[in-house]
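S.K.: Handing over input-v1.cif, mmCIF, C-alpha atoms.
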```
data_input
#
loop_
_atom_site.label_atom_id
_atom_site.label_comp_id
_atom_site.auth_asym_id
_atom_site.auth_seq_id
_atom_site.Cartn_x
_atom_site.Cartn_y
_atom_site.Cartn_z
CA MET B 20 0.00 0.00 0.00
CA HIS B 21 1.29 3.45 -0.82
CA ARG B 22 2.18 5.73 2.08
CA GLU B 23 -0.54 8.19 1.12
CA GLY B 24 -3.21 5.50 1.33
CA LYS B 25 -1.93 4.24 4.67
CA ASN B 26 -1.88 7.72 6.15
CA ALA B 27 -5.39 8.38 4.88
CA ILE B 28 -6.64 5.24 6.62
CA LEU B 29 -5.05 6.18 9.91
CA TYR B 30 -6.28 9.76 9.60
CA SER B 31 -9.81 8.48 9.04
CA TYR B 32 -9.62 6.38 12.20
CA PHE B 33 -8.15 9.22 14.24
CA ARG B 34 -10.82 11.60 12.98
CA ARG B 35 -13.56 9.17 14.08
CA CYS B 36 -12.07 9.15 17.58
CA ILE B 37 -12.04 12.96 17.69
CA VAL B 38 -15.62 13.18 16.37
CA SER B 39 -16.88 10.69 18.95
CA SER B 40 -15.17 12.67 21.71
CA SER B 41 -16.86 15.84 20.45
CA LEU B 42 -20.22 14.11 20.50
CA ARG B 43 -19.72 13.16 24.12
CA ALA B 44 -18.92 16.77 24.95
CA LEU B 45 -22.06 17.99 23.17
CA CYS B 46 -24.33 15.38 24.74
CA PRO B 47 -23.13 14.89 28.32
CA ALA B 48 -26.39 13.31 29.48
CA ARG B 49 -26.11 10.53 26.91
CA TRP B 50 -22.41 9.89 27.37
CA SER B 51 -21.64 10.93 30.94
CA GLN B 52 -21.47 7.36 32.27
CA PHE B 53 -18.77 6.41 29.76
CA THR B 54 -15.41 8.13 29.57
CA LEU B 55 -12.99 6.69 27.04
CA PRO B 56 -9.23 6.97 27.54
CA PRO B 57 -7.28 9.18 25.12
CA PRO B 58 -7.01 7.57 21.66
CA LEU B 59 -3.77 6.22 20.31
CA SER B 60 -1.96 8.57 17.99
CA ALA B 61 -2.01 7.89 14.27
CA GLU B 62 1.75 7.34 14.43
CA LYS B 63 1.47 4.69 17.15
CA LEU B 64 -1.38 2.94 15.34
CA SER B 65 0.78 2.87 12.22
CA LEU B 66 3.50 1.12 14.22
CA VAL B 67 1.03 -1.38 15.70
CA ARG B 68 -0.17 -2.20 12.20
CA ALA B 69 3.36 -2.47 10.81
CA ASN B 70 4.41 -4.78 13.62
CA ALA B 71 1.36 -6.98 13.12
CA ILE B 72 2.20 -7.34 9.43
CA ASN B 73 5.90 -7.89 9.96
CA ILE B 74 5.67 -10.71 12.52
CA SER B 75 2.56 -12.60 11.38
CA THR B 76 4.01 -15.82 9.98
CA HIS B 77 1.84 -18.67 11.26
CA SER B 78 -1.23 -19.46 9.24
CA TRP B 79 -3.80 -18.46 11.85
CA GLU B 80 -1.88 -15.23 12.43
CA ILE B 81 -2.17 -14.38 8.74
CA GLY B 82 -5.91 -15.09 8.80
CA THR B 83 -6.39 -12.96 11.90
CA LEU B 84 -4.30 -10.19 10.38
CA ALA B 85 -6.44 -10.18 7.23
CA GLU B 86 -9.60 -9.86 9.33
CA ALA B 87 -8.05 -7.15 11.50
CA LEU B 88 -6.96 -5.10 8.48
CA THR B 89 -10.45 -5.44 7.01
CA GLU B 90 -12.24 -4.28 10.15
CA PHE B 91 -9.72 -1.54 10.97
CA GLU B 92 -8.99 -0.09 7.54
CA TRP B 93 -11.96 -1.13 5.41
CA PRO B 94 -14.88 -1.53 7.84
CA TRP B 95 -17.46 -1.11 5.08
CA LEU B 96 -16.24 -4.42 3.60
CA GLY B 97 -16.48 -6.30 6.90
CA VAL B 98 -19.52 -8.27 8.01
CA PHE B 99 -20.27 -5.90 10.89
CA ALA B 100 -21.14 -3.03 8.53
CA PRO B 101 -24.77 -2.63 7.45
CA GLY B 102 -25.17 -3.44 3.77
CA SER B 103 -21.79 -5.16 3.54
CA ILE B 104 -23.26 -8.38 2.11
CA PRO B 105 -22.83 -8.64 -0.75
CA PRO B 106 -19.74 -6.45 -1.11
CA PRO B 107 -19.34 -4.28 -4.21
CA SER B 108 -18.63 -6.17 -7.41
CA GLY B 109 -15.51 -4.10 -7.97
CA LEU B 110 -13.06 -2.02 -5.94
CA GLU B 111 -10.81 0.90 -6.72
CA ASP B 112 -7.17 0.00 -7.24
CA ASP B 113 -6.13 1.24 -3.79
CA GLN B 114 -9.00 -0.29 -1.82
CA ALA B 115 -8.31 -3.22 0.50
CA MET B 116 -5.27 -4.27 -1.48
CA ASP B 117 -3.31 -5.19 1.65
CA VAL B 118 -6.05 -7.70 2.49
CA LEU B 119 -6.68 -8.94 -1.05
CA ARG B 120 -3.01 -9.45 -1.88
CA ILE B 121 -2.77 -11.88 1.04
CA ALA B 122 -5.62 -13.89 -0.46
CA GLU B 123 -4.03 -13.75 -3.91
CA LYS B 124 -0.70 -15.06 -2.70
CA VAL B 125 -2.34 -17.85 -0.72
CA VAL B 126 -4.38 -19.07 -3.69
CA ALA B 127 -1.41 -18.75 -6.05
CA GLN B 128 0.61 -21.20 -3.92
CA LYS B 129 -2.22 -23.63 -3.20
CA PRO B 130 -1.76 -26.99 -5.00
CA ALA B 131 -4.58 -27.53 -7.47
CA ASN B 132 -5.44 -31.02 -6.17
CA PHE B 133 -5.39 -30.02 -2.50
CA LEU B 134 -8.79 -29.27 -0.95
CA PRO B 135 -7.97 -27.07 2.04
CA LEU B 136 -6.49 -23.61 1.73
CA ILE B 137 -3.92 -24.96 4.20
CA ASP B 138 -1.32 -27.71 4.18
CA GLY B 139 -2.62 -28.38 7.65
CA ASP B 140 0.02 -30.01 9.85
CA GLY B 141 -2.87 -32.05 11.17
CA ALA B 142 -5.16 -29.09 11.77
CA VAL B 143 -8.54 -28.68 10.12
CA GLY B 144 -9.38 -25.05 10.85
CA ASP B 145 -6.37 -23.58 12.62
CA PRO B 146 -2.93 -25.23 12.50
CA ALA B 147 -1.97 -24.31 16.04
CA SER B 148 1.57 -25.64 15.79
CA GLU B 149 2.51 -24.94 12.17
CA LEU B 150 5.17 -22.44 11.19
CA LEU B 151 4.94 -21.29 7.61
CA HIS B 152 7.62 -22.86 5.45
CA SER B 153 8.15 -19.50 3.73
CA PRO B 154 7.14 -16.80 6.25
CA PRO B 155 5.92 -13.65 4.51
CA SER B 156 8.17 -10.67 4.92
CA LEU B 157 5.53 -7.97 4.93
CA THR B 158 6.56 -4.33 5.13
CA VAL B 159 4.47 -1.37 6.19
CA ALA B 160 5.68 0.55 3.16
CA ASP B 161 3.90 -1.81 0.77
CA ALA B 162 2.09 -4.76 2.31
CA SER B 163 0.39 -5.45 -1.00
CA HIS B 164 3.63 -6.70 -2.55
CA ALA B 165 4.42 -9.16 0.23
CA PRO B 166 5.61 -12.64 -0.66
CA ALA B 167 3.01 -15.30 -0.10
CA PRO B 168 2.59 -17.42 3.01
CA ALA B 169 3.13 -21.07 2.22
CA HIS B 170 -0.04 -22.10 4.05
CA THR B 171 -3.18 -20.61 5.39
CA HIS B 172 -6.40 -21.91 6.98
CA ALA B 173 -10.14 -21.46 6.86
CA GLY B 174 -9.67 -18.13 8.63
CA ILE B 175 -8.28 -16.65 5.44
CA GLY B 176 -11.30 -17.95 3.53
CA ALA B 177 -13.32 -14.75 3.97
CA SER B 178 -10.58 -12.79 2.23
CA VAL B 179 -10.48 -15.32 -0.60
CA LEU B 180 -14.24 -14.97 -1.01
CA LEU B 181 -13.93 -11.19 -0.97
CA ARG B 182 -11.22 -11.31 -3.64
CA ASN B 183 -13.40 -13.57 -5.79
CA TRP B 184 -16.44 -11.31 -5.46
CA THR B 185 -14.66 -8.06 -6.25
CA LEU B 186 -12.69 -9.20 -9.31
CA ASP B 187 -14.00 -7.92 -12.64
CA ASP B 188 -12.19 -10.62 -14.61
CA ASN B 189 -14.24 -13.82 -14.55
CA ASP B 190 -11.28 -15.91 -15.64
CA GLN B 191 -9.18 -14.66 -12.74
CA SER B 192 -12.01 -14.95 -10.21
CA GLU B 193 -12.57 -18.61 -11.11
CA CYS B 194 -9.44 -19.71 -9.27
CA PHE B 195 -10.59 -17.98 -6.08
CA ALA B 196 -14.07 -19.47 -6.36
CA THR B 197 -12.54 -22.92 -6.82
CA ALA B 198 -10.16 -22.51 -3.88
CA ALA B 199 -12.96 -21.38 -1.57
CA ALA B 200 -15.26 -24.20 -2.73
CA GLN B 201 -12.53 -26.76 -2.11
CA GLN B 202 -11.94 -25.42 1.40
CA LEU B 203 -15.67 -25.67 2.09
CA GLU B 204 -15.77 -29.21 0.70
CA TYR B 205 -12.94 -30.21 3.01
CA LEU B 206 -14.60 -28.76 6.10
CA LEU B 207 -18.04 -30.18 5.44
CA HIS B 208 -17.30 -33.57 3.87
CA VAL B 209 -13.71 -34.65 4.59
CA ALA B 210 -12.67 -33.41 8.03
CA PRO B 211 -13.47 -35.78 10.92
CA ARG B 212 -16.34 -34.97 13.26
CA ALA B 213 -17.27 -35.41 16.88
CA PRO B 214 -20.36 -37.52 17.71
CA ASN B 215 -22.50 -34.37 17.98
CA GLY B 216 -21.50 -33.20 14.49
CA ALA B 217 -18.79 -30.71 15.48
CA ILE B 218 -16.03 -30.55 12.87
CA SER B 219 -12.79 -31.67 14.48
CA HIS B 220 -10.13 -29.04 14.94
CA ARG B 221 -7.50 -31.72 14.39
CA GLU B 222 -7.12 -34.03 11.42
CA ASN B 223 -5.48 -37.06 13.04
CA GLN B 224 -7.99 -37.33 15.88
CA VAL B 225 -11.37 -35.94 16.81
CA GLN B 226 -10.59 -32.99 19.03
CA LEU B 227 -12.32 -29.68 19.65
CA TRP B 228 -10.51 -26.40 20.39
CA SER B 229 -12.30 -23.17 21.28
CA ASP B 230 -9.97 -21.42 18.78
CA PHE B 231 -11.90 -23.11 15.96
CA ILE B 232 -14.94 -20.86 16.46
CA TYR B 233 -13.02 -17.89 15.04
CA MET B 234 -11.58 -19.87 12.13
CA ALA B 235 -14.14 -22.03 10.33
CA PRO B 236 -17.73 -21.00 11.21
CA PRO B 237 -17.28 -17.39 10.02
CA PHE B 238 -15.97 -18.68 6.68
CA ILE B 239 -18.87 -21.11 6.27
CA ALA B 240 -21.34 -18.35 7.14
CA TYR B 241 -19.80 -15.82 4.76
CA TYR B 242 -19.76 -18.37 1.96
CA GLY B 243 -23.44 -19.03 2.55
CA ALA B 244 -24.38 -15.36 2.75
CA LEU B 245 -22.68 -14.65 -0.59
CA GLN B 246 -24.11 -17.75 -2.26
CA GLY B 247 -27.66 -16.92 -1.23
CA GLY B 248 -30.72 -18.99 -2.00
CA SER B 249 -31.61 -22.24 -0.26
CA ALA B 250 -28.03 -23.56 -0.52
CA GLY B 251 -26.65 -20.42 1.09
CA HIS B 252 -29.29 -20.60 3.79
CA ARG B 253 -28.22 -24.15 4.62
CA LEU B 254 -24.61 -23.04 4.97
CA LEU B 255 -25.60 -20.25 7.35
CA ARG B 256 -27.40 -22.83 9.47
CA LYS B 257 -24.36 -25.10 9.35
CA ALA B 258 -22.15 -22.27 10.62
CA TYR B 259 -24.56 -21.66 13.47
CA ALA B 260 -24.71 -25.40 14.19
CA GLN B 261 -20.91 -25.57 14.51
CA VAL B 262 -20.91 -22.87 17.17
CA ARG B 263 -23.74 -24.67 18.97
CA SER B 264 -22.00 -28.06 18.78
CA TYR B 265 -18.69 -26.68 20.02
CA ARG B 266 -20.46 -24.92 22.85
CA GLU B 267 -22.17 -28.15 23.89
CA VAL B 268 -18.78 -29.73 24.51
CA LEU B 269 -16.56 -26.84 25.61
CA PHE B 270 -18.70 -24.33 27.50
CA ASP B 271 -18.47 -24.78 31.27
CA GLU B 272 -21.86 -23.78 32.62
CA ASP B 273 -20.62 -23.82 36.21
CA VAL B 274 -18.41 -20.75 35.70
CA GLY B 275 -19.65 -19.36 32.38
CA LEU B 276 -16.34 -19.90 30.57
CA TRP B 277 -15.07 -21.96 27.65
CA ARG B 278 -12.68 -24.84 28.21
CA HIS B 279 -9.78 -24.81 25.77
CA ILE B 280 -9.50 -28.36 24.36
CA ALA B 281 -11.74 -31.41 24.71
CA LEU B 282 -11.82 -34.98 23.33
CA GLY B 283 -8.89 -36.98 22.04
CA ASN B 284 -5.39 -37.01 23.47
CA GLY B 285 -3.91 -33.87 24.99
CA THR B 286 -6.99 -32.13 26.34
CA ASP B 287 -6.89 -28.82 28.19
CA PRO B 288 -9.89 -28.24 30.49
CA THR B 289 -8.63 -24.86 31.68
CA HIS B 290 -10.45 -21.64 30.88
CA TRP B 291 -7.74 -20.12 28.69
CA GLY B 292 -8.27 -16.42 28.12
CA THR B 293 -7.47 -16.37 24.42
CA GLY B 294 -9.64 -19.43 23.85
CA ASN B 295 -12.60 -17.58 25.36
CA ALA B 296 -11.75 -14.57 23.21
CA TRP B 297 -11.61 -16.65 20.02
CA ALA B 298 -15.01 -18.15 20.86
CA ALA B 299 -16.76 -14.85 21.59
CA ALA B 300 -15.26 -13.04 18.60
CA GLY B 301 -16.01 -15.90 16.22
CA ALA B 302 -19.62 -16.22 17.37
CA LEU B 303 -20.09 -12.48 16.81
CA ARG B 304 -18.79 -12.76 13.25
CA VAL B 305 -21.28 -15.55 12.54
CA LEU B 306 -24.07 -13.49 14.12
CA ALA B 307 -23.17 -10.40 12.07
CA THR B 308 -23.03 -12.43 8.87
CA ILE B 309 -26.48 -13.88 9.47
CA GLN B 310 -27.84 -10.42 10.27
CA GLN B 311 -26.50 -9.00 7.00
CA SER B 312 -27.70 -11.94 4.90
CA CYS B 313 -30.95 -12.50 3.04
CA ALA B 314 -31.73 -15.27 5.53
CA ALA B 315 -31.82 -12.94 8.54
CA ASP B 316 -35.61 -12.91 8.91
CA SER B 317 -35.83 -16.69 8.86
CA MET B 318 -33.03 -17.21 11.39
CA ILE B 319 -34.30 -15.16 14.32
CA SER B 320 -34.00 -17.97 16.85
CA GLU B 321 -30.43 -18.70 15.74
CA GLN B 322 -29.53 -15.05 16.15
CA ASP B 323 -31.10 -15.02 19.61
CA ASP B 324 -29.03 -18.05 20.57
CA LEU B 325 -25.79 -16.47 19.37
CA VAL B 326 -26.56 -13.26 21.26
CA GLN B 327 -27.22 -15.25 24.42
CA TRP B 328 -24.10 -17.37 24.03
CA VAL B 329 -21.86 -14.34 23.62
CA GLN B 330 -23.61 -12.67 26.54
CA ASP B 331 -22.96 -15.75 28.69
CA THR B 332 -19.27 -15.66 27.78
CA LEU B 333 -18.91 -11.95 28.54
CA ASP B 334 -20.77 -12.39 31.82
CA GLY B 335 -18.38 -15.17 32.76
CA VAL B 336 -15.22 -13.39 31.66
CA TRP B 337 -15.59 -9.94 33.18
CA GLN B 338 -16.40 -11.20 36.66
CA PHE B 339 -12.72 -12.12 36.86
CA GLN B 340 -11.31 -8.79 35.62
CA GLN B 341 -8.43 -7.51 37.75
CA ALA B 342 -8.37 -4.08 39.36
CA ASN B 343 -6.07 -2.64 36.69
CA GLY B 344 -8.36 -3.77 33.86
CA THR B 345 -6.54 -6.91 32.76
CA LEU B 346 -7.74 -10.47 32.47
CA LEU B 347 -5.58 -13.40 33.50
CA ASN B 348 -4.22 -15.94 31.05
CA TYR B 349 -6.24 -18.63 32.81
CA ILE B 350 -9.18 -16.43 33.56
CA ASP B 351 -10.36 -17.90 36.85
CA GLN B 352 -7.00 -18.97 38.28
CA PRO B 353 -5.79 -16.25 40.67
CA ASP B 354 -2.15 -17.38 40.42
CA SER B 355 -2.12 -17.02 36.60
CA PHE B 356 -0.32 -14.11 34.92
CA ALA B 357 -1.99 -11.12 33.28
CA ASP B 358 -2.46 -11.36 29.52
CA THR B 359 -3.06 -8.36 27.30
CA SER B 360 -3.81 -10.46 24.18
CA SER B 361 -6.98 -12.05 25.47
CA THR B 362 -7.90 -8.84 27.26
CA ALA B 363 -7.75 -6.94 23.96
CA LEU B 364 -9.87 -9.39 21.95
CA LEU B 365 -12.45 -9.82 24.70
CA ALA B 366 -12.72 -6.05 25.03
CA ALA B 367 -13.15 -5.85 21.25
CA SER B 368 -15.90 -8.46 21.45
CA THR B 369 -17.60 -6.50 24.21
CA PHE B 370 -17.65 -3.25 22.22
CA ARG B 371 -18.91 -5.16 19.16
CA PHE B 372 -21.60 -6.87 21.19
CA ALA B 373 -22.76 -3.56 22.63
CA SER B 374 -22.90 -1.86 19.23
CA MET B 375 -24.87 -4.79 17.79
CA THR B 376 -27.34 -5.26 20.65
CA GLY B 377 -27.43 -1.91 22.47
CA ASP B 378 -26.51 -3.73 25.69
CA ASN B 379 -23.81 -1.69 27.44
CA THR B 380 -23.70 -3.83 30.58
CA HIS B 381 -20.04 -4.69 30.24
CA ILE B 382 -18.84 -1.48 28.62
CA PRO B 383 -17.33 -0.17 31.90
CA ALA B 384 -15.19 -3.32 32.08
CA ALA B 385 -14.28 -3.02 28.40
CA ILE B 386 -13.26 0.61 28.89
CA ARG B 387 -10.98 -0.36 31.78
CA ALA B 388 -9.48 -3.01 29.51
CA LEU B 389 -9.12 -0.50 26.66
CA GLU B 390 -7.20 1.87 28.89
CA LEU B 391 -4.90 -0.95 29.99
CA ILE B 392 -4.26 -2.03 26.39
CA ARG B 393 -3.50 1.48 25.18
CA CYS B 394 -1.11 1.99 28.10
CA SER B 395 0.57 -1.35 27.34
CA ILE B 396 1.67 -0.32 23.85
CA ASP B 397 5.20 1.04 23.85
CA ASP B 398 6.70 3.78 21.67
CA GLN B 399 7.67 1.19 19.04
CA GLY B 400 4.06 0.04 18.69
CA TRP B 401 4.45 -3.28 20.51
CA LEU B 402 1.75 -4.65 22.79
CA ASN B 403 3.52 -5.78 25.94
CA GLY B 404 2.36 -8.30 28.53
CA THR B 405 1.05 -10.96 26.13
CA VAL B 406 0.83 -14.72 26.46
CA ASP B 407 3.15 -16.75 24.24
CA PRO B 408 0.62 -17.94 21.61
CA LEU B 409 2.63 -21.09 20.94
CA LYS B 410 2.76 -22.26 24.56
CA PHE B 411 -0.56 -21.09 26.02
CA SER B 412 0.77 -21.29 29.60
CA ALA B 413 3.71 -18.86 29.59
CA PRO B 414 4.20 -15.14 28.89
CA SER B 415 5.95 -14.07 25.72
CA PRO B 416 9.71 -14.19 26.37
CA PRO B 417 11.62 -10.91 26.73
CA GLY B 418 12.05 -9.26 23.35
CA ARG B 419 9.34 -11.40 21.75
CA HIS B 420 5.84 -10.27 20.91
CA SER B 421 2.52 -11.84 19.98
CA PRO B 422 1.50 -11.49 16.32
CA GLU B 423 -2.14 -12.17 17.13
CA GLY B 424 -1.93 -9.70 20.01
CA GLN B 425 -0.89 -6.97 17.57
CA SER B 426 -3.88 -7.79 15.37
CA PHE B 427 -6.16 -7.86 18.41
CA VAL B 428 -5.25 -4.23 19.07
CA LEU B 429 -6.48 -3.31 15.58
CA LEU B 430 -9.66 -5.31 16.13
CA LEU B 431 -10.19 -3.52 19.44
CA GLU B 432 -9.71 -0.06 17.95
CA ALA B 433 -12.10 -0.90 15.11
CA ALA B 434 -14.70 -2.15 17.58
CA VAL B 435 -14.38 0.97 19.75
CA SER B 436 -14.93 3.16 16.70
CA ALA B 437 -18.03 1.16 15.72
CA TRP B 438 -19.41 1.42 19.25
CA CYS B 439 -18.87 5.20 19.32
CA SER B 440 -20.74 5.48 16.04
CA SER B 441 -23.64 3.37 17.30
CA GLU B 442 -23.88 5.37 20.51
CA SER B 443 -23.95 8.69 18.64
CA ALA B 444 -26.62 7.36 16.26
CA GLU B 445 -28.88 6.41 19.18
CA ARG B 446 -28.64 9.69 21.06
#
```
Written as structure tokens, how would this file's structure read?

M.R.:
Amino acid sequence: MHREGKNAILYSYFRRCIVSSSLRALCPARWSQFTLPPPLSAEKLSLVRANAINISTHSWEIGTLAEALTEFEWPWLGVFAPGSIPPPSGLEDDQAMDVLRIAEKVVAQKPANFLPLIDGDGAVGDPASELLHSPPSLTVADASHAPAPAHTHAGIGASVLLRNWTLDDNDQSECFATAAAQQLEYLLHVAPRAPNGAISHRENQVQLWSDFIYMAPPFIAYYGALQGGSAGHRLLRKAYAQVRSYREVLFDEDVGLWRHIALGNGTDPTHWGTGNAWAAAGALRVLATIQQSCAADSMISEQDDLVQWVQDTLDGVWQFQQANGTLLNYIDQPDSFADTSSTALLAASTFRFASMTGDNTHIPAAIRALELIRCSIDDQGWLNGTVDPLKFSAPSPPGRHSPEGQSFVLLLEAAVSAWCSSESAER
């Protein structure tokens, strides 16, 4: 992306923050109960974005980055924006190219006879232990010319679908349509399943991870929303059913939190913070996709369920918030360490939930978390205090940073902006 385009994006975000602050000043009765911390500067946000791009090398990190760039830079193309489904049939040359180039590189390196968008390393939706064979060396100066990642996962599928939809050239778009269809075929008809119908997160054994909710169901839902008709409607129901089936196994009703891993060998019954964040954020993406689809009116009960399930998760999570605004890596274990990664994504989910439902119950907690996150970003644009995403149980080592944590900051800032807009519209 050219520097002018990048600066325009950051200026647009910064301007939204200033406008929302002005609205609060003009309407103190409507806003007096909520005081947001000072926004990040455009320069610091630019560094956060650059760092996210530069260190995202694992497949799920690339997928999360693509979603974060979409929501942060091009919110009108994301599923949370009214009228975003279907997206426009064509884009200007400088629109969303950082996101679409990722999809292009992924599809270009995908073997023609290989169904998933990912090599896999045994993972169906999110290869939690796979390092890319050829990590992309993305630069903030021009992310659109980055070399391709060697693998990706279902999480990148939404970007592949977006690239297919917005290409004018039918011959070129065919390869993206085929790649997305093959990924869908793999998820629905090849990947192993649990007895209740949940698609296994792992390939070599039936095993469910809460991370999966952010990876596969949003892709299935977006595919269905774009396809439309009875076939698209069925896919939307399948996406909903995957969230429901995963929740049946992983959600711990006793404390209102998601367990991390169940079934198979190597389970993890703990209430991992990032796992809860993946689940809440993924369910919201499915909900938003259904709401923006032609099937919205016929899926009211499914939408009600998703709203309730996210509400249950947020109720469970924020009761364990620490005095300084953070959440712990293992949310309900007092001896666990503080983790800014999960705190950022759960705060983002809370702002999104409030803007979608009008329920501001947990906004005070999310604002405390927002202040902590903004204060945890150093002058080089790094989010400090993160969990090591490859180990789950240990902080990031000194001098190392979390790629997904960097993207979570962008998702949080995008969600805050959307919430400010929704609040001003309701005043």

S.K.: Evaluate the PyMOL selection byres ((chain B and resi 279-288) around 6) against this structure - the residues, as a ChimeraX atom specification, please.

M.R.: /B:225-229,278,289,291,294

S.K.: Between CA of Pro101 in chain B and CA of Glu204 in chain B, what is the spacing in Å?

M.R.: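 These two atoms are separated by 28.9 Å.
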
S.K.: Expanded to explicit residues, what is the PyMOL selection byres ((chain B and resi 417) around 12) for this file, as a list in words?

M.R.: Asn403, Gly404, Thr405, Val406, Asp407, Ala413, Pro414, Ser415, Pro416, Gly418, Arg419, His420 and Ser421 of chain B

S.K.: In Å to one decimal, how far is CA of Ser412 in chain B from CA of Gln352 in chain B?

M.R.: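 CA of Ser412 in chain B lies 11.9 Å from CA of Gln352 in chain B.
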
S.K.: Ranking B:Thr359, B:Ser249, B:Ser219, B:Asn70 by minimum distance to Ser317 in chain B and counting only C-alpha atoms, which one comes first?

M.R.: B:Ser249

S.K.: CA of Val336 in chain B and CA of Val268 in chain B, how far apart in Å?

M.R.: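 One can read the CA of Val268 in chain B to CA of Val336 in chain B distance as 18.2 Å.
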
S.K.: Might you pull out every residue within 10 Å of Thr380 in chain B, with only C-alpha atoms counted and same-chain residues fewer than 6 positions away left off, and present them as a PDB file with C-alpha atoms, in the frame of the given file?

M.R.:
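Final file, selection_1.pdb:
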```
ATOM      1  CA  GLN B 330     -23.610 -12.670  26.540  1.00  0.00           C
ATOM      2  CA  LEU B 333     -18.910 -11.950  28.540  1.00  0.00           C
ATOM      3  CA  ASP B 334     -20.770 -12.390  31.820  1.00  0.00           C
ATOM      4  CA  THR B 369     -17.600  -6.500  24.210  1.00  0.00           C
ATOM      5  CA  ALA B 373     -22.760  -3.560  22.630  1.00  0.00           C
TER       6      ALA B 373
END
```

S.K.: Ranking B:Ala131, B:Leu364, B:Leu55, B:Leu96 by minimum distance to Gln202 in chain B and counting all atoms listed in the file, which one comes first?

M.R.: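 Result for the nearest residue to Gln202 in chain B: B:Ala131.
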
S.K.: Determine the nearest neighbour of Ser374 in chain B from the options B:Ile81, B:Leu255, B:Leu269, B:Val435, counting all atoms listed in the file.

M.R.: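 Smallest separation from Ser374 in chain B among the options: B:Val435.
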
S.K.: Pull the neighbourhood of (-29.4, -10.8, 17.6) for me: all residues within 10 Å in file coordinates, counting all atoms listed in the file, as a list of chain:residue names.

M.R.: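 Residues with an atom close enough to that point: B:Leu303, B:Leu306, B:Ala307, B:Ile309, B:Gln310, B:Ala315, B:Met318, B:Ile319, B:Ser320, B:Glu321, B:Gln322, B:Asp323, B:Asp324, B:Leu325, B:Val326, B:Gln327, B:Phe372, B:Met375, B:Thr376.
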
S.K.: Applied to this file, what does the PyMOL selection byres ((chain B and resi 232-244) around 6) return in terms of residues, put as a PyMOL selection string?

M.R.: chain B and resi 144+173-174+176-177+229-231+245-247+251+254-255+258+297-298+301+304-305+312

S.K.: Go through B:Lys410, B:Gln311, B:Leu346, B:Gly377 and flag the residue nearest Leu389 in chain B, using only C-alpha atoms for the distances.

M.R.: B:Leu346

S.K.: Rank B:Leu402, B:Ile218, B:Ala434, B:Val125 by their smallest atom-to-atom distance to Tyr205 in chain B, using only C-alpha atoms, and report the top residue only.

M.R.: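 Between B:Leu402, B:Ile218, B:Ala434, B:Val125, the residue approaching Tyr205 in chain B most closely is B:Ile218.
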
S.K.: Which residue out of B:Asn73, B:Gln425, B:Thr197, B:Thr89 has the minimum interatomic distance to Met116 in chain B when only C-alpha atoms are used?

M.R.: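 Checking each of B:Asn73, B:Gln425, B:Thr197, B:Thr89 against Met116 in chain B, counting only C-alpha atoms, the winner is B:Thr89.
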
S.K.: Show me as a list in words the residues that reach within 6 Å of (-17.6, -26.5, 15.3), counting all atoms listed in the file and using the file's own coordinates.

M.R.: Ala217, Ile218, Gln261, Val262, Ser264 and Tyr265 of chain B
